[in-house]
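*Asks:* run-v6.txt is reproduced below (compact mmCIF, C-alpha atoms and all ligand atoms).
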# COMPACT_ATOMS: atom_id res chain seq x y z
CA MET A 24 -3.33 -9.85 18.16
CA ALA A 25 -1.85 -7.82 15.27
CA LYS A 26 -4.14 -4.95 14.35
CA ILE A 27 -3.69 -3.54 10.88
CA ALA A 28 -4.60 -0.05 9.71
CA ILE A 29 -4.68 0.28 5.92
CA PHE A 30 -3.91 3.63 4.27
CA ALA A 31 -5.15 3.93 0.68
CA SER A 32 -5.95 6.67 -1.83
CA GLY A 33 -7.46 4.75 -4.74
CA SER A 34 -9.86 2.05 -5.78
CA GLY A 35 -8.82 -0.26 -2.96
CA SER A 36 -8.46 -3.62 -4.68
CA ASN A 37 -5.43 -4.40 -2.52
CA ALA A 38 -7.10 -3.18 0.65
CA GLU A 39 -10.16 -5.34 0.01
CA ASN A 40 -7.99 -8.35 -0.76
CA ILE A 41 -6.16 -7.90 2.56
CA ILE A 42 -9.44 -7.46 4.45
CA ARG A 43 -10.78 -10.69 2.92
CA TYR A 44 -7.56 -12.62 3.54
CA PHE A 45 -7.56 -11.87 7.28
CA SER A 46 -11.32 -11.90 7.83
CA ASP A 47 -11.33 -15.25 9.66
CA ASN A 48 -7.90 -14.96 11.22
CA LYS A 49 -7.82 -15.03 15.02
CA ASN A 50 -4.37 -13.41 15.27
CA VAL A 51 -4.63 -10.65 12.68
CA LYS A 52 -7.39 -8.14 12.14
CA VAL A 53 -7.84 -5.15 9.84
CA VAL A 54 -9.20 -2.59 12.30
CA LEU A 55 -9.34 0.59 10.21
CA VAL A 56 -9.09 1.94 6.67
CA LEU A 57 -7.84 5.51 6.29
CA SER A 58 -7.91 7.63 3.16
CA ASN A 59 -6.97 11.13 2.08
CA GLN A 60 -9.46 10.86 -0.82
CA PRO A 61 -13.07 11.29 0.35
CA CYS A 62 -14.47 9.79 -2.89
CA SER A 63 -12.08 6.87 -3.20
CA GLY A 64 -13.37 3.39 -3.91
CA VAL A 65 -11.46 2.00 -0.97
CA LEU A 66 -13.89 3.66 1.45
CA ILE A 67 -16.87 1.94 -0.17
CA ARG A 68 -15.07 -1.40 -0.14
CA ALA A 69 -14.19 -1.00 3.55
CA GLN A 70 -17.76 -0.12 4.44
CA LEU A 71 -19.03 -3.20 2.58
CA HIS A 72 -16.82 -5.29 4.87
CA LYS A 73 -17.93 -3.27 7.92
CA ILE A 74 -14.42 -1.95 8.58
CA PRO A 75 -14.38 1.53 10.15
CA THR A 76 -13.02 4.31 7.95
CA PHE A 77 -11.32 7.62 8.60
CA ILE A 78 -10.83 10.45 6.10
CA PHE A 79 -8.09 12.99 6.61
CA THR A 80 -6.22 15.74 4.76
CA LYS A 81 -2.52 16.04 4.04
CA ASP A 82 -2.32 18.69 6.78
CA ASP A 83 -4.03 16.35 9.25
CA LEU A 84 -1.42 13.71 8.51
CA ASN A 85 1.49 16.07 9.01
CA GLU A 86 0.11 17.70 12.12
CA ARG A 87 1.19 14.83 14.43
CA THR A 88 -1.89 14.13 16.50
CA LYS A 89 -5.06 13.85 14.38
CA VAL A 90 -4.24 10.68 12.46
CA HIS A 91 -1.98 9.25 15.16
CA ASP A 92 -4.73 9.58 17.78
CA VAL A 93 -7.16 7.63 15.62
CA LEU A 94 -4.59 4.87 15.14
CA LYS A 95 -4.16 4.75 18.92
CA ASP A 96 -7.94 4.63 19.45
CA TYR A 97 -8.02 1.46 17.34
CA ASN A 98 -4.83 0.06 18.91
CA ALA A 99 -3.30 -0.32 15.46
CA SER A 100 0.02 -2.16 15.68
CA MET A 101 0.85 -2.14 11.99
CA ILE A 102 0.26 0.19 9.03
CA VAL A 103 -0.12 -1.11 5.49
CA LEU A 104 0.05 1.33 2.59
CA ALA A 105 -2.05 -0.08 -0.25
CA GLY A 106 -1.97 2.52 -3.01
CA PHE A 107 -1.44 5.44 -0.63
CA LEU A 108 -0.04 8.49 -2.37
CA LEU A 109 1.06 10.85 0.43
CA LYS A 110 4.42 10.73 2.11
CA ILE A 111 4.40 9.23 5.60
CA PRO A 112 5.81 11.82 8.02
CA LEU A 113 8.82 11.07 10.21
CA TYR A 114 6.89 11.13 13.50
CA MET A 115 4.72 8.27 12.21
CA ILE A 116 7.72 6.25 11.04
CA LYS A 117 9.25 6.64 14.51
CA ALA A 118 5.98 5.68 16.22
CA TYR A 119 5.73 2.45 14.15
CA PRO A 120 9.30 1.16 13.81
CA ASN A 121 9.52 -1.66 11.24
CA SER A 122 5.74 -1.80 11.23
CA ILE A 123 4.83 0.25 8.14
CA LEU A 124 4.73 -1.62 4.83
CA ASN A 125 4.21 -0.34 1.31
CA ILE A 126 3.52 -2.07 -1.99
CA HIS A 127 5.04 -0.54 -5.10
CA PRO A 128 4.02 -1.62 -8.62
CA ALA A 129 7.56 -2.03 -10.00
CA LEU A 130 10.89 -3.61 -9.19
CA LEU A 131 12.50 -1.06 -6.89
CA PRO A 132 14.95 0.64 -6.89
CA LYS A 133 13.85 1.20 -10.50
CA TYR A 134 10.75 3.32 -11.13
CA GLY A 135 10.40 4.60 -7.58
CA GLY A 136 10.32 8.05 -6.02
CA LYS A 137 8.00 11.02 -6.04
CA GLY A 138 5.41 10.96 -8.81
CA MET A 139 6.00 7.27 -9.51
CA TYR A 140 2.66 5.69 -8.72
CA GLY A 141 -0.03 3.71 -10.50
CA MET A 142 -0.19 4.16 -14.27
CA ASN A 143 2.79 6.56 -14.29
CA VAL A 144 4.96 3.60 -13.36
CA HIS A 145 3.51 1.26 -15.99
CA ARG A 146 3.80 3.93 -18.72
CA ALA A 147 7.47 4.54 -17.86
CA VAL A 148 8.23 0.82 -17.86
CA VAL A 149 6.68 0.38 -21.33
CA GLU A 150 8.33 3.53 -22.73
CA ASN A 151 11.71 2.21 -21.62
CA LYS A 152 11.04 -1.14 -23.30
CA GLU A 153 11.69 -3.10 -20.12
CA GLU A 154 11.36 -6.86 -20.52
CA LYS A 155 10.34 -7.42 -16.91
CA THR A 156 8.48 -5.59 -14.20
CA GLY A 157 6.80 -6.67 -10.98
CA ILE A 158 6.02 -5.70 -7.42
CA THR A 159 8.06 -4.67 -4.42
CA ILE A 160 6.85 -4.89 -0.84
CA HIS A 161 9.07 -2.92 1.51
CA TYR A 162 9.29 -1.22 4.87
CA VAL A 163 8.64 2.50 4.78
CA ASN A 164 11.33 4.97 5.76
CA GLU A 165 11.50 8.75 5.42
CA ASN A 166 12.23 8.64 1.67
CA TYR A 167 9.71 7.57 -0.98
CA ASP A 168 10.17 3.90 -1.95
CA GLU A 169 13.57 3.50 -0.26
CA GLY A 170 12.90 1.35 2.82
CA ALA A 171 14.30 -2.17 3.16
CA ILE A 172 12.84 -4.59 0.63
CA ILE A 173 10.91 -7.55 2.04
CA PHE A 174 9.70 -9.23 -1.13
CA GLN A 175 9.70 -8.89 -4.92
CA ALA A 176 7.92 -10.85 -7.65
CA THR A 177 8.37 -10.38 -11.38
CA CYS A 178 6.37 -10.76 -14.57
CA ASP A 179 7.36 -10.58 -18.22
CA ILE A 180 6.42 -7.69 -20.47
CA ASP A 181 5.61 -8.75 -24.00
CA GLU A 182 6.66 -6.62 -26.94
CA HIS A 183 3.13 -5.43 -27.67
CA ASP A 184 1.97 -4.91 -24.08
CA LEU A 185 0.36 -1.55 -23.40
CA PRO A 186 0.63 0.12 -19.97
CA GLU A 187 -2.88 -1.23 -19.21
CA ASP A 188 -1.68 -4.80 -19.93
CA VAL A 189 1.25 -4.30 -17.60
CA LYS A 190 -1.08 -2.95 -14.94
CA THR A 191 -3.22 -6.10 -15.18
CA LYS A 192 -0.18 -8.37 -14.81
CA VAL A 193 1.17 -6.38 -11.85
CA GLN A 194 -2.23 -6.32 -10.15
CA GLY A 195 -2.30 -10.11 -10.43
CA LEU A 196 1.00 -10.30 -8.56
CA GLU A 197 -0.23 -7.83 -5.94
CA LEU A 198 -3.38 -9.78 -5.23
CA ARG A 199 -1.48 -13.06 -5.09
CA HIS A 200 1.33 -12.02 -2.77
CA PHE A 201 0.59 -8.95 -0.65
CA PRO A 202 -1.54 -10.52 2.13
CA SER A 203 0.78 -13.49 2.71
CA VAL A 204 3.85 -11.24 2.79
CA ILE A 205 2.12 -9.09 5.42
CA GLU A 206 1.34 -12.25 7.40
CA SER A 207 4.96 -13.41 7.12
CA ILE A 208 6.36 -10.38 8.95
CA ILE A 209 3.86 -10.36 11.80
CA PRO A 210 5.71 -11.35 14.98
C1 LIG B 1 -1.42 -0.51 -6.71
O1 LIG B 1 -1.00 -0.97 -7.96
C2 LIG B 1 -0.22 -0.14 -5.87
O2 LIG B 1 0.90 -0.93 -6.11
C3 LIG B 1 0.02 1.27 -6.33
O3 LIG B 1 -1.26 1.83 -6.44
C4 LIG B 1 -2.17 0.81 -6.85
C5 LIG B 1 -3.40 0.87 -5.97
O4 LIG B 1 -4.41 0.05 -6.47
N1 LIG B 1 0.85 1.99 -5.41
C6 LIG B 1 1.72 2.91 -5.80
O5 LIG B 1 1.87 3.23 -6.96
C7 LIG B 1 2.53 3.53 -4.67
N2 LIG B 1 3.67 4.24 -5.18
P1 LIG B 1 -5.66 -0.31 -5.58
O6 LIG B 1 -6.23 0.99 -5.03
O7 LIG B 1 -6.62 -0.99 -6.50
O8 LIG B 1 -5.18 -1.23 -4.47
Go ahead and render the structure in this file as structure tokens.
Ligand code: GAR
*Replies:*
Amino acid sequence: MAKIAIFASGSGSNAENIIRYFSDNKNVKVVLVLSNQPCSGVLIRAQLHKIPTFIFTKDDLNERTKVHDVLKDYNASMIVLAGFLLKIPLYMIKAYPNSILNIHPALLPKYGGKGMYGMNVHRAVVENKEEKTGITIHYVNENYDEGAIIFQATCDIDEHDLPEDVKTKVQGLELRHFPSVIESIIP
């Protein structure tokens, strides 16, 4: 059975959608939700679905054992970043080869890199008068937003769209595609 650990820093709409999608699946299970934000919505959503949670600091993540030991305790075989804003350290990437996925709210390689998350991305896309944006689901490597791309989906940006409108369109794509793309790469 594939056991997924979800890392998230924010409201957790993607995390909850993934939890729901796999809730009756006999081969895939979300075993743990981890967050570096003690007050994040994702923790409440996980608790509502009775998924164990773990809160950690940036130092915990970089220190090699604390977070890794918890993942081992839950036998996690795959890590999904669903709005997670810290960089994944190299030891973790090596421990989970081709098994860490991220979703990014733009069409990488555009609008990626440090500081490019959430509304910052949508604001930049609107400021640059892009006609299209979308989502990218990719493997995680040691550089922000640079791992091999697994899947992209696009949406149009209308002339009068505000960053909030773009966010709504992108969220729609995320909710529609992320769980099935995760399922598609499970061996
Ligand atoms: C999502 O839009 C996700 O693509 C983005 O954060 C949001 C989290 O929303 N991730 C990044 O920007 C990563 N660079 P959620 O907490 O409601 O799932």
*Asks:* Please determine, counting only C-alpha atoms, which residue among A:Asp47, A:Lys52, A:Phe30, A:Ala118 has the shortest atom-to-atom distance to A:Thr76.
*Replies:*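 Using only C-alpha atoms, A:Thr76 sits closest to A:Phe30.
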*Asks:* How would you report the residues lying within 9 Å of ligand LIG 1 (chain B), as a ChimeraX atom specification, if you count all atoms listed in the file?
*Replies:* /A:31-40,63-65,104-108,125-129,135-144,158-160,167-168,190,193-194,197-198
*Asks:* Might you pull out every residue within 10 Å of A:Lys110, with all atoms listed in the file counted and same-chain residues fewer than 6 positions away left off, and present them as a PyMOL selection string?
*Replies:* chain A and resi 81+84-85+137+163-168
*Asks:* Could you check which of A:Thr80, A:Ser100, A:Thr177, A:Asn59 is closest to A:Leu124, using all atoms listed in the file?
*Replies:* A:Ser100
*Asks:* Taking only C-alpha atoms into account, name the residue in A:Thr88, A:Gln70, A:Asn151, A:Ser46 that is nearest to A:Ile27.
*Replies:*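 Residue with the minimum atom-to-atom distance to A:Ile27: A:Ser46.
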*Asks:* Rank A:Ser207, A:Ile78, A:Ser122, A:Met101 by their smallest atom-to-atom distance to A:Met24, using all atoms listed in the file, and report the top residue only.
*Replies:*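 Of all the options, A:Met101 lies closest to A:Met24.
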*Asks:* Find the residue from A:Val53, A:Leu131, A:Ala171, A:Val90 that sits nearest to A:Pro112; use only C-alpha atoms when measuring.
*Replies:*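 With only C-alpha atoms as the atom set, the closest residue is A:Val90.
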*Asks:* Using all atoms listed in the file, which residue out of A:Cys62, A:Val149, A:Leu71, A:Met115 lies closest to A:Pro186?
*Replies:* A:Val149
*Asks:* Quick one: distance from atom CA of A:Thr156 to atom CA of A:Asp181 in Å, one decimal?
*Replies:*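 Taking atom CA of A:Thr156 as the start and atom CA of A:Asp181 as the end point, the length is 10.7 Å.
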*Asks:* Residues within 12 Å of (6.2, -13.7, 12.4), file coordinates, counting all atoms listed in the file: what are they? Give the list as a PDB file with C-alpha atoms, in the coordinates of the input.
*Replies:*
ATOM      1  CA  MET A  24      -3.330  -9.850  18.160  1.00  0.00           C
ATOM      2  CA  ALA A  25      -1.850  -7.820  15.270  1.00  0.00           C
ATOM      3  CA  ASN A  50      -4.370 -13.410  15.270  1.00  0.00           C
ATOM      4  CA  VAL A  51      -4.630 -10.650  12.680  1.00  0.00           C
ATOM      5  CA  SER A 122       5.740  -1.800  11.230  1.00  0.00           C
ATOM      6  CA  SER A 203       0.780 -13.490   2.710  1.00  0.00           C
ATOM      7  CA  VAL A 204       3.850 -11.240   2.790  1.00  0.00           C
ATOM      8  CA  ILE A 205       2.120  -9.090   5.420  1.00  0.00           C
ATOM      9  CA  GLU A 206       1.340 -12.250   7.400  1.00  0.00           C
ATOM     10  CA  SER A 207       4.960 -13.410   7.120  1.00  0.00           C
ATOM     11  CA  ILE A 208       6.360 -10.380   8.950  1.00  0.00           C
ATOM     12  CA  ILE A 209       3.860 -10.360  11.800  1.00  0.00           C
ATOM     13  CA  PRO A 210       5.710 -11.350  14.980  1.00  0.00           C
TER      14      PRO A 210
END
*Asks:* In Å, with one decimal, what is the gap from atom CA of A:Val56 to atom CA of A:Ile29?
*Replies:*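 About the pair atom CA of A:Val56 and atom CA of A:Ile29: they are 4.8 Å apart.
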*Asks:* Measure the distance from atom CA of A:Lys133 to atom CA of A:Thr191 in Å and round it to one decimal.
*Replies:*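 These atoms are spaced 19.1 Å apart.
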